[in-house]
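Peer 1: Input model_28.txt, format and content: compact mmCIF, C-alpha atoms.
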# COMPACT_ATOMS: atom_id res chain seq x y z
CA MET A 1 0.00 0.00 0.00
CA THR A 2 2.84 2.40 0.84
CA LEU A 3 4.47 1.86 -2.56
CA PHE A 4 1.13 2.28 -4.32
CA LEU A 5 0.53 5.63 -2.60
CA TYR A 6 4.09 6.72 -3.43
CA ASN A 7 3.61 5.89 -7.12
CA MET A 8 0.25 7.65 -7.24
CA ALA A 9 1.83 10.76 -5.69
CA LEU A 10 4.75 10.52 -8.13
CA LEU A 11 2.43 10.18 -11.14
CA THR A 12 0.32 13.13 -9.95
CA ALA A 13 3.45 15.26 -9.55
CA LEU A 14 4.67 14.31 -13.04
CA VAL A 15 1.35 15.17 -14.65
CA ALA A 16 0.98 18.44 -12.74
CA GLY A 17 4.57 19.44 -13.44
CA ALA A 18 4.59 18.38 -17.11
CA PRO A 19 4.29 21.94 -18.53
CA TRP A 20 7.23 23.13 -16.43
CA TRP A 21 9.39 20.12 -17.36
CA LEU A 22 8.57 20.52 -21.05
CA TRP A 23 9.53 24.18 -20.90
CA ARG A 24 12.79 23.40 -19.08
CA MET A 25 13.67 20.68 -21.61
CA ALA A 26 12.98 23.06 -24.48
CA THR A 27 15.15 25.81 -23.03
CA THR A 28 17.89 24.04 -21.05
CA GLN A 29 20.27 21.40 -22.37
CA LYS A 30 20.88 19.68 -19.05
CA TYR A 31 17.21 18.67 -18.76
CA ARG A 32 17.35 16.93 -22.15
CA THR A 33 20.64 15.13 -21.67
CA GLY A 34 20.12 11.42 -21.06
CA LEU A 35 16.34 11.77 -20.84
CA ALA A 36 15.52 8.70 -22.94
CA ALA A 37 17.85 6.58 -20.83
CA ARG A 38 16.35 7.90 -17.60
CA LEU A 39 12.88 6.99 -18.83
CA GLY A 40 13.88 3.37 -19.38
CA ARG A 41 15.56 3.10 -22.79
CA VAL A 42 18.61 1.07 -21.84
CA PRO A 43 21.55 1.81 -24.18
CA VAL A 44 22.53 -1.15 -26.36
CA TRP A 45 26.18 -0.88 -25.30
CA LEU A 46 25.13 -1.19 -21.64
CA ARG A 47 23.07 -4.32 -22.36
CA ASN A 48 26.06 -5.87 -24.10
CA GLN A 49 28.43 -4.87 -21.31
CA ALA A 50 26.17 -6.35 -18.63
CA ALA A 51 26.06 -9.68 -20.46
CA THR A 52 29.80 -10.30 -20.14
CA ARG A 53 30.26 -10.74 -16.35
CA PRO A 54 28.18 -10.62 -13.13
CA VAL A 55 27.24 -7.03 -12.29
CA VAL A 56 27.59 -4.92 -9.19
CA TRP A 57 25.59 -1.74 -9.81
CA LEU A 58 26.97 1.26 -7.92
CA HIS A 59 24.97 4.49 -7.87
CA ALA A 60 26.64 7.85 -7.11
CA VAL A 61 24.20 10.69 -7.67
CA SER A 62 26.49 13.64 -8.48
CA VAL A 63 30.00 15.08 -8.37
CA GLY A 64 30.47 14.80 -4.61
CA GLU A 65 29.46 11.14 -4.52
CA VAL A 66 31.52 10.31 -7.61
CA LEU A 67 34.60 11.80 -5.94
CA ALA A 68 33.84 9.94 -2.71
CA VAL A 69 33.62 6.51 -4.39
CA GLY A 70 36.59 7.02 -6.72
CA ARG A 71 39.04 5.03 -4.61
CA LEU A 72 36.32 2.54 -3.66
CA VAL A 73 35.69 1.69 -7.32
CA ALA A 74 39.41 1.20 -7.94
CA GLU A 75 39.75 -1.15 -4.97
CA LEU A 76 36.58 -3.07 -5.84
CA ASP A 77 37.95 -3.59 -9.35
CA GLN A 78 40.97 -5.30 -7.80
CA ALA A 79 39.11 -7.19 -5.08
CA LEU A 80 36.27 -8.45 -7.31
CA SER A 81 38.16 -9.50 -10.42
CA GLY A 82 35.40 -11.80 -11.62
CA TRP A 83 32.78 -9.07 -11.42
CA GLN A 84 32.22 -5.77 -13.19
CA ILE A 85 31.31 -2.55 -11.43
CA LEU A 86 28.83 -0.49 -13.46
CA ILE A 87 28.30 3.06 -12.22
CA SER A 88 25.22 5.24 -12.57
CA THR A 89 24.79 8.93 -11.80
CA THR A 90 21.82 11.27 -11.78
CA THR A 91 23.30 14.64 -12.70
CA ARG A 92 25.02 15.64 -15.94
CA THR A 93 28.10 16.92 -14.12
CA GLY A 94 28.30 13.68 -12.16
CA GLN A 95 28.03 11.74 -15.42
CA GLU A 96 30.85 13.72 -17.05
CA LEU A 97 33.16 13.29 -14.08
CA ALA A 98 32.36 9.57 -13.71
CA ARG A 99 33.17 8.97 -17.37
CA GLN A 100 36.49 10.74 -16.92
CA ARG A 101 37.31 8.79 -13.76
CA PHE A 102 35.98 5.31 -14.56
CA GLY A 103 35.73 5.15 -18.35
CA GLU A 104 32.73 5.63 -20.63
CA SER A 105 32.17 1.90 -21.10
CA ARG A 106 30.60 1.44 -17.67
CA VAL A 107 28.96 4.73 -16.73
CA PHE A 108 25.27 5.40 -17.38
CA TYR A 109 22.35 7.55 -16.24
CA CYS A 110 20.31 6.12 -13.39
CA PRO A 111 16.68 5.61 -14.41
CA LEU A 112 14.03 7.80 -12.87
CA ASP A 113 12.23 6.04 -10.02
CA LEU A 114 9.36 5.01 -12.29
CA PRO A 115 8.29 1.32 -12.22
CA TRP A 116 8.77 0.71 -15.96
CA ALA A 117 12.13 2.52 -16.10
CA VAL A 118 13.50 0.64 -13.11
CA ARG A 119 12.20 -2.66 -14.50
CA ALA A 120 13.99 -2.07 -17.82
CA TYR A 121 17.35 -1.59 -16.11
CA MET A 122 16.90 -4.49 -13.73
CA ASN A 123 16.10 -6.76 -16.70
CA ALA A 124 19.09 -5.51 -18.68
CA LEU A 125 21.72 -5.47 -15.94
CA GLN A 126 20.59 -8.44 -13.83
CA PRO A 127 22.69 -7.08 -10.93
CA ARG A 128 23.74 -9.32 -8.08
CA MET A 129 24.23 -6.33 -5.81
CA LEU A 130 23.14 -2.68 -5.74
CA VAL A 131 25.49 -0.31 -3.90
CA LEU A 132 24.08 3.12 -3.06
CA ALA A 133 26.36 6.01 -2.11
CA GLU A 134 25.14 8.10 0.84
CA THR A 135 21.31 8.31 0.94
CA GLU A 136 19.96 7.67 -2.54
CA PHE A 137 16.85 5.84 -1.34
CA TRP A 138 14.35 5.36 -4.19
CA PRO A 139 11.32 3.21 -3.26
CA ASN A 140 10.71 1.62 -6.69
CA LEU A 141 14.39 0.81 -7.21
CA LEU A 142 14.76 -0.70 -3.75
CA THR A 143 11.52 -2.67 -4.01
CA ALA A 144 12.55 -4.08 -7.40
CA CYS A 145 15.80 -5.30 -5.85
CA TYR A 146 14.04 -6.91 -2.90
CA ARG A 147 11.59 -8.73 -5.16
CA ARG A 148 14.43 -10.16 -7.26
CA GLY A 149 16.65 -11.09 -4.36
CA VAL A 150 19.28 -8.48 -5.22
CA MET A 151 21.34 -7.45 -2.22
CA VAL A 152 21.23 -3.73 -1.43
CA GLN A 153 24.15 -2.14 0.39
CA VAL A 154 24.53 1.52 1.34
CA VAL A 155 28.05 2.92 1.58
CA ASN A 156 29.15 6.21 3.12
CA ALA A 157 25.61 6.41 4.50
CA ARG A 158 24.52 9.59 6.20
CA ILE A 159 21.46 11.59 7.14
CA SER A 160 22.44 15.26 7.20
CA ASP A 161 21.16 17.77 9.74
CA ARG A 162 19.23 19.46 6.96
CA SER A 163 17.46 16.33 5.71
CA TRP A 164 16.92 14.62 9.08
CA PRO A 165 13.64 16.43 9.98
CA ARG A 166 12.20 15.55 6.55
CA TYR A 167 13.19 11.90 6.80
CA ARG A 168 11.90 11.68 10.38
CA ALA A 169 8.52 13.14 9.37
CA LEU A 170 8.19 10.44 6.68
CA ARG A 171 9.58 7.53 8.69
CA GLY A 172 6.31 5.65 8.18
CA LEU A 173 7.16 5.55 4.45
CA TRP A 174 10.81 4.66 4.97
CA ARG A 175 10.52 1.99 7.68
CA PRO A 176 9.23 -0.88 5.48
CA ILE A 177 11.70 0.04 2.73
CA LEU A 178 14.87 0.63 4.74
CA GLY A 179 14.15 -2.31 7.02
CA LYS A 180 15.08 -4.67 4.17
CA LEU A 181 18.49 -3.20 3.39
CA ASN A 182 21.16 -5.88 3.64
CA LEU A 183 23.96 -3.68 4.93
CA VAL A 184 24.35 -0.01 5.81
CA LEU A 185 27.87 1.35 6.29
CA ALA A 186 27.47 4.66 8.06
CA GLN A 187 29.85 7.60 8.23
CA SER A 188 29.36 8.27 11.95
CA LYS A 189 27.57 7.15 15.09
CA VAL A 190 24.99 9.92 14.66
CA ASP A 191 24.25 8.72 11.12
CA SER A 192 23.89 5.13 12.31
CA GLU A 193 21.43 6.16 15.04
CA ARG A 194 19.33 8.15 12.60
CA LEU A 195 19.26 5.31 10.06
CA ARG A 196 18.15 2.85 12.73
CA ALA A 197 15.44 5.26 13.82
CA LEU A 198 14.18 5.30 10.23
CA GLY A 199 13.86 1.52 10.16
CA CYS A 200 17.24 0.00 9.31
CA GLU A 201 17.81 -3.24 11.21
CA LEU A 202 20.08 -2.81 14.22
CA ASP A 203 22.52 -5.57 13.29
CA ARG A 204 22.83 -4.43 9.67
CA VAL A 205 24.19 -0.94 10.40
CA GLN A 206 27.93 -0.50 10.91
CA VAL A 207 30.00 2.64 11.44
CA VAL A 208 33.04 2.47 9.13
CA GLY A 209 33.90 6.15 8.64
CA ASN A 210 33.70 8.58 5.77
CA LEU A 211 34.96 7.58 2.32
CA LYS A 212 35.74 11.24 1.66
CA PHE A 213 38.68 11.01 4.07
CA ASP A 214 40.21 8.56 1.59
CA VAL A 215 39.76 10.82 -1.43
CA ARG A 216 43.02 11.41 -3.27
CA ALA A 217 43.51 13.32 -6.49
CA MET A 218 43.55 10.51 -9.07
CA GLN A 219 46.23 12.18 -11.22
CA GLU A 220 47.58 15.64 -11.89
CA ALA A 221 45.21 17.52 -14.18
CA GLU A 222 46.42 19.21 -17.34
CA ALA A 223 45.31 22.58 -15.96
CA THR A 224 47.50 22.04 -12.89
CA GLN A 225 50.54 21.47 -15.09
CA VAL A 226 49.78 24.57 -17.18
CA LEU A 227 49.28 26.78 -14.12
CA ARG A 228 52.46 25.55 -12.47
CA GLY A 229 54.50 26.35 -15.56
CA ALA A 230 52.82 29.56 -16.72
CA ALA A 231 52.54 31.11 -13.26
CA SER A 232 55.87 30.02 -11.87
CA GLY A 233 56.81 31.99 -8.77
CA LEU A 234 53.26 33.24 -8.18
CA ARG A 235 50.95 32.32 -5.31
CA PHE A 236 47.48 30.88 -5.81
CA VAL A 237 44.16 31.52 -4.11
CA ILE A 238 41.90 28.64 -5.17
CA ALA A 239 38.15 29.22 -4.76
CA GLY A 240 36.43 25.90 -5.43
CA SER A 241 32.81 24.80 -5.90
CA THR A 242 31.45 28.34 -5.68
CA LEU A 243 27.76 29.17 -5.96
CA GLU A 244 25.75 32.25 -6.92
CA GLY A 245 26.65 35.16 -4.68
CA GLU A 246 30.06 33.79 -3.79
CA GLU A 247 31.83 34.67 -7.04
CA ALA A 248 30.66 38.28 -6.68
CA ALA A 249 32.04 38.38 -3.12
CA LEU A 250 35.38 36.97 -4.24
CA ILE A 251 35.62 39.35 -7.21
CA GLU A 252 34.92 42.26 -4.86
CA THR A 253 37.63 41.01 -2.49
CA TRP A 254 40.22 40.41 -5.20
CA PRO A 255 41.54 44.00 -5.67
CA LYS A 256 42.16 44.22 -1.92
CA LEU A 257 44.13 40.98 -1.96
CA ILE A 258 46.37 41.92 -4.89
CA ALA A 259 46.90 45.41 -3.48
CA ALA A 260 48.52 43.77 -0.45
CA HIS A 261 50.06 40.81 -2.34
CA PRO A 262 50.60 41.63 -6.02
CA ASN A 263 52.01 38.19 -6.89
CA LEU A 264 48.67 36.39 -6.61
CA VAL A 265 46.54 34.43 -9.09
CA LEU A 266 42.92 33.57 -8.30
CA VAL A 267 41.45 30.34 -9.67
CA LEU A 268 37.66 30.61 -9.59
CA ALA A 269 35.83 27.28 -10.02
CA PRO A 270 32.01 27.49 -10.11
CA ARG A 271 30.26 24.34 -8.91
CA HIS A 272 27.80 24.04 -11.79
CA PRO A 273 28.81 24.19 -15.50
CA GLU A 274 25.63 26.00 -16.49
CA ARG A 275 26.92 29.00 -14.50
CA PHE A 276 30.27 29.28 -16.29
CA GLU A 277 28.99 31.95 -18.66
CA THR A 278 27.27 33.86 -15.86
CA VAL A 279 30.54 34.05 -13.92
CA ALA A 280 32.36 35.06 -17.11
CA SER A 281 29.94 37.98 -17.40
CA LEU A 282 30.69 39.00 -13.80
CA LEU A 283 34.40 39.01 -14.57
CA ARG A 284 33.90 41.09 -17.73
CA SER A 285 31.83 43.63 -15.80
CA ALA A 286 34.42 43.85 -13.01
CA GLY A 287 37.08 45.09 -15.43
CA ILE A 288 39.84 42.87 -14.03
CA LYS A 289 42.37 40.64 -15.81
CA TRP A 290 40.94 37.17 -16.37
CA VAL A 291 41.26 34.13 -18.62
CA ARG A 292 39.21 31.00 -19.30
CA ARG A 293 40.75 27.60 -18.71
CA SER A 294 38.77 26.10 -21.64
CA GLU A 295 40.66 28.33 -24.08
CA TRP A 296 43.95 26.62 -23.20
CA LYS A 297 43.01 23.38 -24.91
CA THR A 298 44.10 24.79 -28.26
CA LYS A 299 46.89 27.09 -27.06
CA PRO A 300 48.17 26.88 -23.46
CA PRO A 301 49.55 30.22 -22.20
CA GLU A 302 53.29 30.65 -21.81
CA THR A 303 52.82 33.03 -18.89
CA ILE A 304 50.01 34.15 -16.60
CA GLU A 305 50.36 37.67 -15.25
CA PRO A 306 50.13 38.45 -11.53
CA GLY A 307 46.65 39.60 -10.52
CA THR A 308 44.89 37.40 -13.09
CA VAL A 309 41.68 35.53 -12.34
CA VAL A 310 41.47 32.09 -14.00
CA LEU A 311 37.92 30.90 -14.61
CA LEU A 312 38.07 27.10 -14.26
CA ASP A 313 35.30 26.22 -16.71
CA THR A 314 36.10 22.51 -16.93
CA ILE A 315 34.98 19.42 -15.00
CA GLY A 316 37.22 17.18 -12.91
CA GLU A 317 40.33 19.37 -12.55
CA LEU A 318 39.63 21.21 -9.30
CA ALA A 319 40.79 18.44 -6.95
CA SER A 320 44.24 18.44 -8.52
CA ILE A 321 44.47 22.25 -8.75
CA TYR A 322 44.03 22.53 -4.97
CA SER A 323 47.60 21.21 -4.74
CA LEU A 324 48.84 24.61 -5.97
CA ALA A 325 46.95 26.65 -3.39
CA THR A 326 48.56 29.05 -0.98
CA VAL A 327 45.07 29.42 0.47
CA ALA A 328 41.87 27.57 -0.52
CA PHE A 329 38.31 28.79 -0.15
CA VAL A 330 35.67 26.01 -0.28
CA GLY A 331 32.37 27.26 -1.66
CA GLY A 332 28.72 26.65 -1.02
CA SER A 333 29.41 28.04 2.43
CA LEU A 334 29.12 31.84 2.22
CA VAL A 335 25.53 31.32 1.12
CA PRO A 336 23.10 28.96 2.90
CA ALA A 337 23.69 25.95 0.64
CA GLY A 338 25.32 23.54 3.10
CA GLY A 339 28.92 23.80 1.92
CA HIS A 340 31.19 21.48 -0.05
CA ASN A 341 33.97 19.10 0.88
CA PRO A 342 36.96 20.74 2.65
CA LEU A 343 38.93 17.50 2.47
CA GLU A 344 39.81 18.10 -1.19
CA PRO A 345 42.32 20.84 -0.24
CA ALA A 346 43.13 19.24 3.14
CA GLN A 347 44.86 16.30 1.42
CA PHE A 348 47.51 18.75 0.15
CA ALA A 349 48.17 20.41 3.54
CA VAL A 350 46.53 23.59 2.26
CA PRO A 351 45.08 26.17 4.70
CA ILE A 352 41.31 26.16 4.25
CA VAL A 353 38.71 28.91 4.56
CA MET A 354 34.95 28.31 4.53
CA GLY A 355 31.87 30.38 5.17
CA PRO A 356 29.51 29.70 8.10
CA HIS A 357 27.10 27.49 6.14
CA TYR A 358 28.59 23.98 6.17
CA VAL A 359 25.76 21.80 7.47
CA ASN A 360 26.29 19.19 4.72
CA PHE A 361 29.82 18.60 6.02
CA ARG A 362 29.30 19.41 9.68
CA ALA A 363 31.15 16.40 11.09
CA ILE A 364 34.20 16.99 8.90
CA VAL A 365 34.30 20.75 9.54
CA ASP A 366 33.78 20.25 13.29
CA ASP A 367 36.71 17.84 13.32
CA LEU A 368 38.90 20.33 11.45
CA ARG A 369 37.81 23.14 13.77
CA ALA A 370 38.54 21.03 16.84
CA HIS A 371 42.12 20.66 15.59
CA ASP A 372 42.45 24.34 14.58
CA ALA A 373 42.81 23.24 10.96
CA ILE A 374 40.33 25.55 9.22
CA ARG A 375 39.12 29.15 9.32
CA ILE A 376 35.42 30.06 9.18
CA ALA A 377 34.60 33.51 7.77
CA SER A 378 31.42 35.38 6.94
CA LYS A 379 31.22 37.52 3.80
CA GLU A 380 32.23 40.53 5.87
CA GLU A 381 35.23 38.68 7.33
CA LEU A 382 36.40 36.96 4.14
CA THR A 383 38.88 39.63 3.04
CA SER A 384 40.57 39.95 6.43
CA VAL A 385 40.83 36.18 6.94
CA LEU A 386 42.36 35.63 3.50
CA LEU A 387 44.77 38.54 4.01
CA SER A 388 45.89 37.18 7.37
CA LEU A 389 46.74 33.76 5.91
CA LEU A 390 48.50 35.28 2.91
CA ALA A 391 50.55 37.56 5.16
CA ASP A 392 51.52 34.99 7.79
CA GLU A 393 53.05 32.07 5.92
CA LEU A 394 54.02 30.25 9.12
CA LEU A 395 50.43 30.42 10.40
CA ALA A 396 49.12 29.19 7.04
CA ALA A 397 51.62 26.32 6.97
CA LYS A 398 50.65 25.19 10.47
CA LEU A 399 46.95 25.35 9.57
CA GLY A 400 47.56 23.22 6.47
CA ALA A 401 49.72 20.73 8.38
CA ARG A 402 46.96 20.20 10.93
CA ALA A 403 44.42 19.78 8.12
CA ILE A 404 46.34 16.92 6.52
CA GLU A 405 46.83 15.33 9.95
CA VAL A 406 43.03 15.25 10.39
CA PHE A 407 42.68 13.89 6.86
CA ASP A 408 45.19 11.08 7.44
CA ALA A 409 43.89 10.19 10.91
CA GLN A 410 40.40 9.51 9.58
CA ALA A 411 41.50 7.42 6.59
CA GLY A 412 40.62 3.75 6.18
CA ALA A 413 36.88 3.74 5.45
CA THR A 414 37.47 2.51 1.89
CA GLY A 415 39.29 -0.62 3.01
CA ARG A 416 36.61 -1.43 5.59
CA THR A 417 33.89 -0.88 2.99
CA VAL A 418 35.58 -3.14 0.42
CA GLU A 419 35.94 -5.95 2.95
CA ALA A 420 32.28 -5.68 3.96
CA LEU A 421 31.09 -5.81 0.33
CA LYS A 422 33.38 -8.75 -0.48
CA LEU A 423 32.03 -10.67 2.52
CA ALA A 424 28.44 -9.97 1.47
CA LEU A 425 29.08 -11.31 -2.05
CA LEU A 426 30.81 -14.42 -0.68
CA GLU A 427 27.91 -15.08 1.67
CA GLN A 428 25.44 -14.69 -1.18
CA ARG A 429 27.43 -17.07 -3.38
CA GLY A 430 27.60 -19.61 -0.55
CA ALA A 431 23.83 -19.41 -0.04
CA GLN A 432 23.09 -20.15 -3.71
Rewrite the coordinates I just gave you, this time as structure tokens.
Peer 2:
Amino acid sequence: MTLFLYNMALLTALVAGAPWWLWRMATTQKYRTGLAARLGRVPVWLRNQAATRPVVWLHAVSVGEVLAVGRLVAELDQALSGWQILISTTTRTGQELARQRFGESRVFYCPLDLPWAVRAYMNALQPRMLVLAETEFWPNLLTACYRRGVMVQVVNARISDRSWPRYRALRGLWRPILGKLNLVLAQSKVDSERLRALGCELDRVQVVGNLKFDVRAMQEAEATQVLRGAASGLRFVIAGSTLEGEEAALIETWPKLIAAHPNLVLVLAPRHPERFETVASLLRSAGIKWVRRSEWKTKPPETIEPGTVVLLDTIGELASIYSLATVAFVGGSLVPAGGHNPLEPAQFAVPIVMGPHYVNFRAIVDDLRAHDAIRIASKEELTSVLLSLLADELLAAKLGARAIEVFDAQAGATGRTVEALKLALLEQRGAQ
């Protein structure tokens, strides 16, 4: 009955929202990309790929989840040599990054949680196991797995402070669905308690840590190599995963920074590709020196002048570019959007600055704050905090050193996750 009511509500929402979706598809490319696949048209290449070896289907919704499971996928490839890991994403940016990281031959769009779309993919892939990253709980997908005897594991599981009230209010819907999960590997004790409260079986929830503490830049990006050569001797402020309102604040701050430290370059990396042109317009209007990373693909620059802003309008290069930072600002945090992952710069012993809105990464930021390994600044404080770290190199170095200590101390979740998934597959094989 619960699933029936969910599907009726979903169908009603689709019908009511059809005019809006049609308009968005007509006017915005990202709403058209992969639409046929999401509605249940399984690509022929994916059918053929799934027929070669037993399938573990891993779903990572967007960029953050793709980055988090990067090392996990590599280790599963080694540990499960007789299996193939096929990876789905929901967002276009997640799809692009996953194809870069894992190869196009095994990355596909996750179907919408519609019964016929889910059924088409289950028939085509015949997965032995579904692995969900974080909290991608879709009732039709989970129910289809349960009915077919497909094990469902959740890795890096969490219930954020922001989403917890919403989940708790709908726990009557979630209890019969989450109660059948085979294994839930939670990031923290708080996450495990929340998941159990929502219906996960007590003995099926384990705390193994956060996969994001094991994130390492896979390889040095081309843009990193260009910047290191063309801006030799200069210092970098890297502003990553920025959202609307943050680029304007950073552009306003920039003249004050280069007035005090003329040998700076700012790398500005908007979170969403559809905003690249908007940020380019802001830079044009500001009347400051700036260049686009995408223009280097045909002719890399020989030199980059001090005081230049580099618009990083590519996908997948930010994690590597953080290695160049004198100071890193992690976006989504000056505006109330929950923040992004400060561990990406922490792995390089870089001093980190974030705004006050970091609820999506509260546990990580709290850990960094407890070790005096991060600075939190409001919009009004941003200039002074950045200036203080640029002026005091010893302070900045100590801050970065403590950040990488926190990063290294929390590592190991990937290994524990791989062992748990291997054991689950062995137990399934032994039961057959």
Peer 1: What lies within 8 Å of Val150 in chain A using only C-alpha atoms, ignoring chain neighbours under 2 positions off, as a VMD selection string?
Peer 2: chain A and resid 127 to 130 145 to 148 152
Peer 1: Tell me, as a VMD selection string, which residues lie within 12 Å of range 140-144 of chain A, counting all atoms listed in the file; anything in the same chain fewer than 3 positions away does not count.
Peer 2: chain A and resid 2 to 7 10 57 59 110 to 123 126 to 127 129 to 132 136 to 137 147 to 154 174 176 to 182
Peer 1: Excluding Val69 in chain A and residues on its chain fewer than 3 positions from it, collect all residues at most 10 Å away from it, counting only C-alpha atoms, and give them as a PDB file with C-alpha atoms, in the coordinates of the input.
Peer 2:
ATOM      1  CA  LEU A  58      26.970   1.260  -7.920  1.00  0.00           C
ATOM      2  CA  HIS A  59      24.970   4.490  -7.870  1.00  0.00           C
ATOM      3  CA  ALA A  60      26.640   7.850  -7.110  1.00  0.00           C
ATOM      4  CA  GLY A  64      30.470  14.800  -4.610  1.00  0.00           C
ATOM      5  CA  GLU A  65      29.460  11.140  -4.520  1.00  0.00           C
ATOM      6  CA  VAL A  66      31.520  10.310  -7.610  1.00  0.00           C
ATOM      7  CA  LEU A  72      36.320   2.540  -3.660  1.00  0.00           C
ATOM      8  CA  VAL A  73      35.690   1.690  -7.320  1.00  0.00           C
ATOM      9  CA  ALA A  74      39.410   1.200  -7.940  1.00  0.00           C
ATOM     10  CA  GLU A  75      39.750  -1.150  -4.970  1.00  0.00           C
ATOM     11  CA  ALA A  98      32.360   9.570 -13.710  1.00  0.00           C
ATOM     12  CA  ALA A 133      26.360   6.010  -2.110  1.00  0.00           C
ATOM     13  CA  VAL A 155      28.050   2.920   1.580  1.00  0.00           C
ATOM     14  CA  ASN A 156      29.150   6.210   3.120  1.00  0.00           C
ATOM     15  CA  LEU A 211      34.960   7.580   2.320  1.00  0.00           C
ATOM     16  CA  LYS A 212      35.740  11.240   1.660  1.00  0.00           C
ATOM     17  CA  ASP A 214      40.210   8.560   1.590  1.00  0.00           C
ATOM     18  CA  VAL A 215      39.760  10.820  -1.430  1.00  0.00           C
ATOM     19  CA  THR A 414      37.470   2.510   1.890  1.00  0.00           C
TER      20      THR A 414
END
Peer 1: As an exercise, work out the distance from CA of Met354 in chain A to CA of Gly339 in chain A in Å and give it to one decimal place.
Peer 2: 8.0 Å
Peer 1: Skipping near chain neighbours, those fewer than 3 positions away, what residues fall within 8 Å of range 190-193 of chain A using all atoms listed in the file, listed as a list in words?
Peer 2: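 Returned residues: Ala157, Arg158, Ile159, Ser160, Ala186, Gln187, Arg196, Ala197, Val205, Gln206 and Val207 of chain A.
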Peer 1: Could you check which of A:Pro255, A:Gly240, A:Gly307, A:Gly316 is closest to Gly70 in chain A, using only C-alpha atoms?
Peer 2: A:Gly316
Peer 1: As a count of residues only, please: the residues near Phe329 in chain A (cut-off 12 Å, all atoms listed in the file, same-chain neighbours under 6 positions excluded).
Peer 2: 43
Peer 1: Could you please determine the separation between CA of His261 in chain A and CA of Ile304 in chain A in Å, to one decimal place?
Peer 2: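 Atom-to-atom, CA of His261 in chain A and CA of Ile304 in chain A are spaced 15.7 Å apart.
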Peer 1: Record the distance separating CA of Lys256 in chain A and CA of Ser384 in chain A, expressed in Å with one decimal.
Peer 2: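 About the pair CA of Lys256 in chain A and CA of Ser384 in chain A: they are 9.5 Å apart.
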Peer 1: Return the padded bounding box of range 332-348 of chain A as AutoDock Vina command-line options: axis-aligned, built from all atoms listed in the file, 6 Å added on each side, with centre and edge lengths in Å to one decimal.
Peer 2:
--center_x 35.3 --center_y 24.1 --center_z 1.0 --size_x 36.4 --size_y 27.5 --size_z 16.3
Peer 1: Ranking A:Leu394, A:Ala373, A:Val226, A:Ala401 by minimum distance to Phe348 in chain A and counting all atoms listed in the file, which one comes first?
Peer 2: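 The shortest atom-to-atom distance to Phe348 in chain A comes from A:Ala401.
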Peer 1: Could you check the closest approach to Pro306 in chain A for each of A:Ala286, A:Val184, A:Leu227, A:Leu243 and tell me which residue wins, using only C-alpha atoms?
Peer 2: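 For Pro306 in chain A, the nearest of the candidates is A:Leu227.
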Peer 1: Between A:Arg284, A:Arg171, A:Arg416, A:Arg292, which has the minimum distance to Val208 in chain A (counting all atoms listed in the file)?
Peer 2: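 The shortest atom-to-atom distance to Val208 in chain A comes from A:Arg416.
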Peer 1: Would you fill the gaps in range 295-305 of chain A so it has N, CA and C atoms, then print it as a PDB file, in the frame of the given file?
Peer 2:
ATOM      1  N   GLU A 295      39.964  27.815 -22.901  1.00  0.00           N
ATOM      2  CA  GLU A 295      40.660  28.330 -24.080  1.00  0.00           C
ATOM      3  C   GLU A 295      42.080  27.782 -24.203  1.00  0.00           C
ATOM      4  N   TRP A 296      42.584  27.138 -23.162  1.00  0.00           N
ATOM      5  CA  TRP A 296      43.950  26.620 -23.200  1.00  0.00           C
ATOM      6  C   TRP A 296      44.070  25.320 -23.971  1.00  0.00           C
ATOM      7  N   LYS A 297      42.944  24.696 -24.277  1.00  0.00           N
ATOM      8  CA  LYS A 297      43.010  23.380 -24.910  1.00  0.00           C
ATOM      9  C   LYS A 297      43.626  23.464 -26.309  1.00  0.00           C
ATOM     10  N   THR A 298      43.492  24.607 -26.936  1.00  0.00           N
ATOM     11  CA  THR A 298      44.100  24.790 -28.260  1.00  0.00           C
ATOM     12  C   THR A 298      45.466  25.464 -28.165  1.00  0.00           C
ATOM     13  N   LYS A 299      45.613  26.377 -27.185  1.00  0.00           N
ATOM     14  CA  LYS A 299      46.890  27.090 -27.060  1.00  0.00           C
ATOM     15  C   LYS A 299      47.137  27.447 -25.586  1.00  0.00           C
ATOM     16  N   PRO A 300      47.859  26.584 -24.858  1.00  0.00           N
ATOM     17  CA  PRO A 300      48.170  26.880 -23.460  1.00  0.00           C
ATOM     18  C   PRO A 300      49.007  28.159 -23.357  1.00  0.00           C
ATOM     19  N   PRO A 301      48.777  28.984 -22.339  1.00  0.00           N
ATOM     20  CA  PRO A 301      49.550  30.220 -22.200  1.00  0.00           C
ATOM     21  C   PRO A 301      50.976  29.949 -21.759  1.00  0.00           C
ATOM     22  N   GLU A 302      51.890  30.768 -22.238  1.00  0.00           N
ATOM     23  CA  GLU A 302      53.290  30.650 -21.810  1.00  0.00           C
ATOM     24  C   GLU A 302      53.482  31.280 -20.434  1.00  0.00           C
ATOM     25  N   THR A 303      52.749  32.374 -20.201  1.00  0.00           N
ATOM     26  CA  THR A 303      52.820  33.030 -18.890  1.00  0.00           C
ATOM     27  C   THR A 303      51.431  33.498 -18.475  1.00  0.00           C
ATOM     28  N   ILE A 304      51.219  33.565 -17.177  1.00  0.00           N
ATOM     29  CA  ILE A 304      50.010  34.150 -16.600  1.00  0.00           C
ATOM     30  C   ILE A 304      50.461  35.306 -15.718  1.00  0.00           C
ATOM     31  N   GLU A 305      49.919  36.472 -15.967  1.00  0.00           N
ATOM     32  CA  GLU A 305      50.360  37.670 -15.250  1.00  0.00           C
ATOM     33  C   GLU A 305      49.846  37.672 -13.819  1.00  0.00           C
TER      34      GLU A 305
END
